[in-house]
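Chemist: What follows is a single structure, and I will ask about it in a moment.
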Amino acid sequence: MIPDRVVEEVRERADIVEVIGEHVQLKRSGKDFKGLCPFHQEKTPSFYVVPAKGFFKCFGCGESGDVFSFLMKHLGMGFQDAVEKLATRYGVEIPRRAEPQDDVLAPLREAVAFAADYYQRQLRAEPGARARSYLESRAIGRDAAERFQLGYAPDEWRALKQAAATHGIEEDVLEAAGLIKT
């Protein structure tokens, strides 16, 4: 998320006439600028850019907004992309939050992947016979079960924990991943 102070700095530095002028042919009209609206078909200009206030307004279709909303509407980009595009263009640095390190998340991902695989194997094995029968009665075939990674949890509360331990996955990792409660 981009801090509000950075968004405001980008808004202040961005030249709305320059940005919109790259997409719409603008002509000076007093202190403002006007042109044909890019959001609807028209022959007489009803699209105005007011640089002193940093906004645009079309009196034909009602579209209005600031430099960010123009890029979002005209180029179909999201707010963050519009801010980043203009920040780069006008030399405003966007502070980046430190992303969680992959080595912190890797054990959790491994545990979740192991659990999914374990439960899928249980569905295919003898303990999952009743569950397979139920899926078949609901017209859910083996292909669909595999595609959607359906599985079966045996009626034994330690089963996943014991299976994970044999693969070197520790109990605290299973708990942190939300797979077991201790």
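The chains in the structure tokens are called A, B, ... from first to last as shown; in each chain the residues are counted from 1, and the ligands are counted from 1 in the order shown.
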Taking a cut-off of 9 Å and counting only C-alpha atoms, can you build a table that, for each residue of region 44-93 of chain A near region 7-20 of chain A, reports the nearest atom pair and how far apart they are in Å (one decimal), sorted by chain then residue number, as CSV?
Modeler:
residue,atom,partner,partner_atom,distance
A:Val49,CA,A:Val17,CA,6.8
A:Val50,CA,A:Val17,CA,8.1
A:Pro51,CA,A:Ile16,CA,6.3
A:Gly54,CA,A:Ile16,CA,6.3
A:Phe55,CA,A:Ile16,CA,7.4
A:Phe56,CA,A:Ile16,CA,8.5
A:Asp66,CA,A:Ile16,CA,7.7
A:Val67,CA,A:Ile16,CA,5.5
A:Phe68,CA,A:Arg11,CA,7.8
A:Phe70,CA,A:Ile20,CA,7.4
A:Leu71,CA,A:Ile20,CA,8.2
A:Val83,CA,A:Val7,CA,6.7
A:Glu84,CA,A:Val10,CA,8.9
A:Leu86,CA,A:Val10,CA,6.7
A:Ala87,CA,A:Val10,CA,5.7
A:Arg89,CA,A:Ala14,CA,8.3
A:Tyr90,CA,A:Ala14,CA,6.4
A:Gly91,CA,A:Val10,CA,8.6
A:Val92,CA,A:Val10,CA,6.4
Chemist: Could you name the residues that touch region 173-180 of chain A at 12 Å or less, counting only C-alpha atoms, but leaving out those on the same chain fewer than 3 positions away, as a list in words?
Modeler: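 Here the qualifying residues turn out to be Val104, Leu105, Ala106, Pro107, Leu108, Arg109, Glu110, Ala111, Val112, Ala113, Phe114, Ala115, Ala116, Tyr119, Ala153, Trp157, Arg158, Ala159, Leu160, Lys161, Gln162, Ala163, Ala164, Ala165, Gly168, Ile169 and Glu170 of chain A.
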Chemist: Once you have the residues from the selection above, write them out as a compact mmCIF listing (two decimals), in the first residue's frame, restricted to N, CA and C atoms.
Modeler:
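The resulting again22.txt:
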# COMPACT_ATOMS: atom_id res chain seq x y z
N VAL A 104 11.03 -17.81 5.47
CA VAL A 104 10.09 -17.87 6.59
C VAL A 104 8.82 -18.60 6.16
N LEU A 105 8.36 -18.35 4.95
CA LEU A 105 7.12 -18.94 4.46
C LEU A 105 7.31 -20.33 3.86
N ALA A 106 8.51 -20.64 3.43
CA ALA A 106 8.76 -21.91 2.76
C ALA A 106 8.34 -23.12 3.59
N PRO A 107 8.67 -23.19 4.88
CA PRO A 107 8.23 -24.36 5.66
C PRO A 107 6.70 -24.46 5.75
N LEU A 108 6.03 -23.32 5.82
CA LEU A 108 4.56 -23.35 5.89
C LEU A 108 3.98 -23.87 4.58
N ARG A 109 4.52 -23.39 3.46
CA ARG A 109 4.06 -23.86 2.16
C ARG A 109 4.31 -25.36 2.01
N GLU A 110 5.47 -25.79 2.46
CA GLU A 110 5.82 -27.22 2.39
C GLU A 110 4.85 -28.05 3.22
N ALA A 111 4.51 -27.56 4.41
CA ALA A 111 3.59 -28.28 5.29
C ALA A 111 2.20 -28.38 4.68
N VAL A 112 1.72 -27.29 4.10
CA VAL A 112 0.39 -27.29 3.47
C VAL A 112 0.38 -28.23 2.27
N ALA A 113 1.44 -28.17 1.46
CA ALA A 113 1.52 -29.05 0.30
C ALA A 113 1.57 -30.52 0.74
N PHE A 114 2.33 -30.79 1.80
CA PHE A 114 2.40 -32.16 2.31
C PHE A 114 1.02 -32.62 2.78
N ALA A 115 0.31 -31.76 3.53
CA ALA A 115 -1.01 -32.13 4.05
C ALA A 115 -1.98 -32.41 2.90
N ALA A 116 -1.96 -31.56 1.88
CA ALA A 116 -2.86 -31.78 0.73
C ALA A 116 -2.56 -33.12 0.07
N TYR A 119 -3.69 -36.07 2.40
CA TYR A 119 -5.14 -36.32 2.39
C TYR A 119 -5.61 -36.88 1.04
N ALA A 153 -9.69 -37.14 5.40
CA ALA A 153 -8.99 -37.08 6.68
C ALA A 153 -9.42 -38.28 7.52
N TRP A 157 -6.94 -38.34 15.19
CA TRP A 157 -6.47 -36.97 15.32
C TRP A 157 -4.96 -36.80 15.18
N ARG A 158 -4.19 -37.86 15.32
CA ARG A 158 -2.74 -37.75 15.22
C ARG A 158 -2.20 -38.15 13.85
N ALA A 159 -3.04 -38.56 12.94
CA ALA A 159 -2.58 -39.13 11.67
C ALA A 159 -1.69 -38.17 10.88
N LEU A 160 -2.14 -36.96 10.68
CA LEU A 160 -1.35 -36.00 9.89
C LEU A 160 -0.05 -35.68 10.61
N LYS A 161 -0.12 -35.45 11.90
CA LYS A 161 1.07 -35.11 12.69
C LYS A 161 2.12 -36.21 12.59
N GLN A 162 1.70 -37.47 12.70
CA GLN A 162 2.64 -38.59 12.62
C GLN A 162 3.22 -38.73 11.22
N ALA A 163 2.38 -38.58 10.21
CA ALA A 163 2.87 -38.69 8.83
C ALA A 163 3.85 -37.57 8.52
N ALA A 164 3.54 -36.36 9.00
CA ALA A 164 4.43 -35.22 8.75
C ALA A 164 5.76 -35.41 9.45
N ALA A 165 5.73 -35.95 10.66
CA ALA A 165 6.97 -36.17 11.41
C ALA A 165 7.91 -37.10 10.67
N GLY A 168 9.93 -35.14 8.32
CA GLY A 168 10.75 -34.06 8.87
C GLY A 168 10.01 -32.74 9.05
N ILE A 169 8.69 -32.75 9.03
CA ILE A 169 7.92 -31.53 9.24
C ILE A 169 7.55 -31.47 10.72
N GLU A 170 7.98 -30.42 11.38
CA GLU A 170 7.80 -30.32 12.82
C GLU A 170 6.40 -29.87 13.20
Chemist: Interatomic distance between CA of Lys31 (chain A) and CA of Ser69 (chain A)?
Modeler: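 Those two atoms sit 21.6 Å apart.
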Chemist: Tell me, as JSON, numbers by chain, which residues lie within 10 Å of Thr44 (chain A), counting only C-alpha atoms; anything in the same chain fewer than 6 positions away does not count.
Modeler: {"A": [35, 36, 37, 60]}
Chemist: Would you export the selected residues with C-alpha atoms as a PDB file, in the first residue's frame, please?
Modeler:
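New file result15.pdb:
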ATOM      1  CA  GLY A  35     -10.905  18.915 -25.801  1.00  0.00           C
ATOM      2  CA  LEU A  36     -13.050  16.083 -27.106  1.00  0.00           C
ATOM      3  CA  CYS A  37     -13.955  13.673 -24.331  1.00  0.00           C
ATOM      4  CA  GLY A  60     -21.276  15.845 -21.866  1.00  0.00           C
TER       5      GLY A  60
END
Chemist: To test your reading of the structure, identify every residue in chain A that backbone DSSP assigns to strand (DSSP E), and report it as number ranges by chain.
Modeler: A: 27-29, 32-35, 47-50, 55-58, 64-65
Chemist: Selected residues, C-alpha atoms, written as a JSON list (two decimals), in the first residue's frame, please.
Modeler:
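Output contents, as saved in again-v6.json:
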[["chain", "number", "residue", "atom", "x", "y", "z"],
["A", 27, "LYS", "CA", -6.69, 23.63, -26.42],
["A", 28, "ARG", "CA", -6.34, 26.49, -23.98],
["A", 29, "SER", "CA", -9.61, 28.06, -22.90],
["A", 32, "ASP", "CA", -8.30, 25.91, -18.37],
["A", 33, "PHE", "CA", -8.02, 23.49, -21.29],
["A", 34, "LYS", "CA", -10.71, 21.78, -23.34],
["A", 35, "GLY", "CA", -10.90, 18.91, -25.80],
["A", 47, "PHE", "CA", -14.14, 17.89, -21.75],
["A", 48, "TYR", "CA", -12.33, 20.41, -19.52],
["A", 49, "VAL", "CA", -9.07, 20.16, -17.60],
["A", 50, "VAL", "CA", -8.65, 22.62, -14.72],
["A", 55, "PHE", "CA", -9.13, 17.83, -12.03],
["A", 56, "PHE", "CA", -10.96, 17.13, -15.28],
["A", 57, "LYS", "CA", -14.68, 17.20, -16.01],
["A", 58, "CYS", "CA", -16.75, 16.31, -19.05],
["A", 64, "SER", "CA", -14.64, 13.69, -13.79],
["A", 65, "GLY", "CA", -11.69, 13.10, -11.52]]
Chemist: Between CA of Asp4 (chain A) and CA of Pro38 (chain A), what is the distance, to one decimal in Å?
Modeler: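 Value for the CA of Asp4 (chain A)-CA of Pro38 (chain A) distance: 28.4 Å.
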Chemist: With only C-alpha atoms as the basis for distance, which of A:Tyr118, A:Phe79, A:Tyr152, A:Phe39 is at the shortest distance from Ile2 (chain A)?
Modeler: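 Result for the nearest residue to Ile2 (chain A): A:Phe79.
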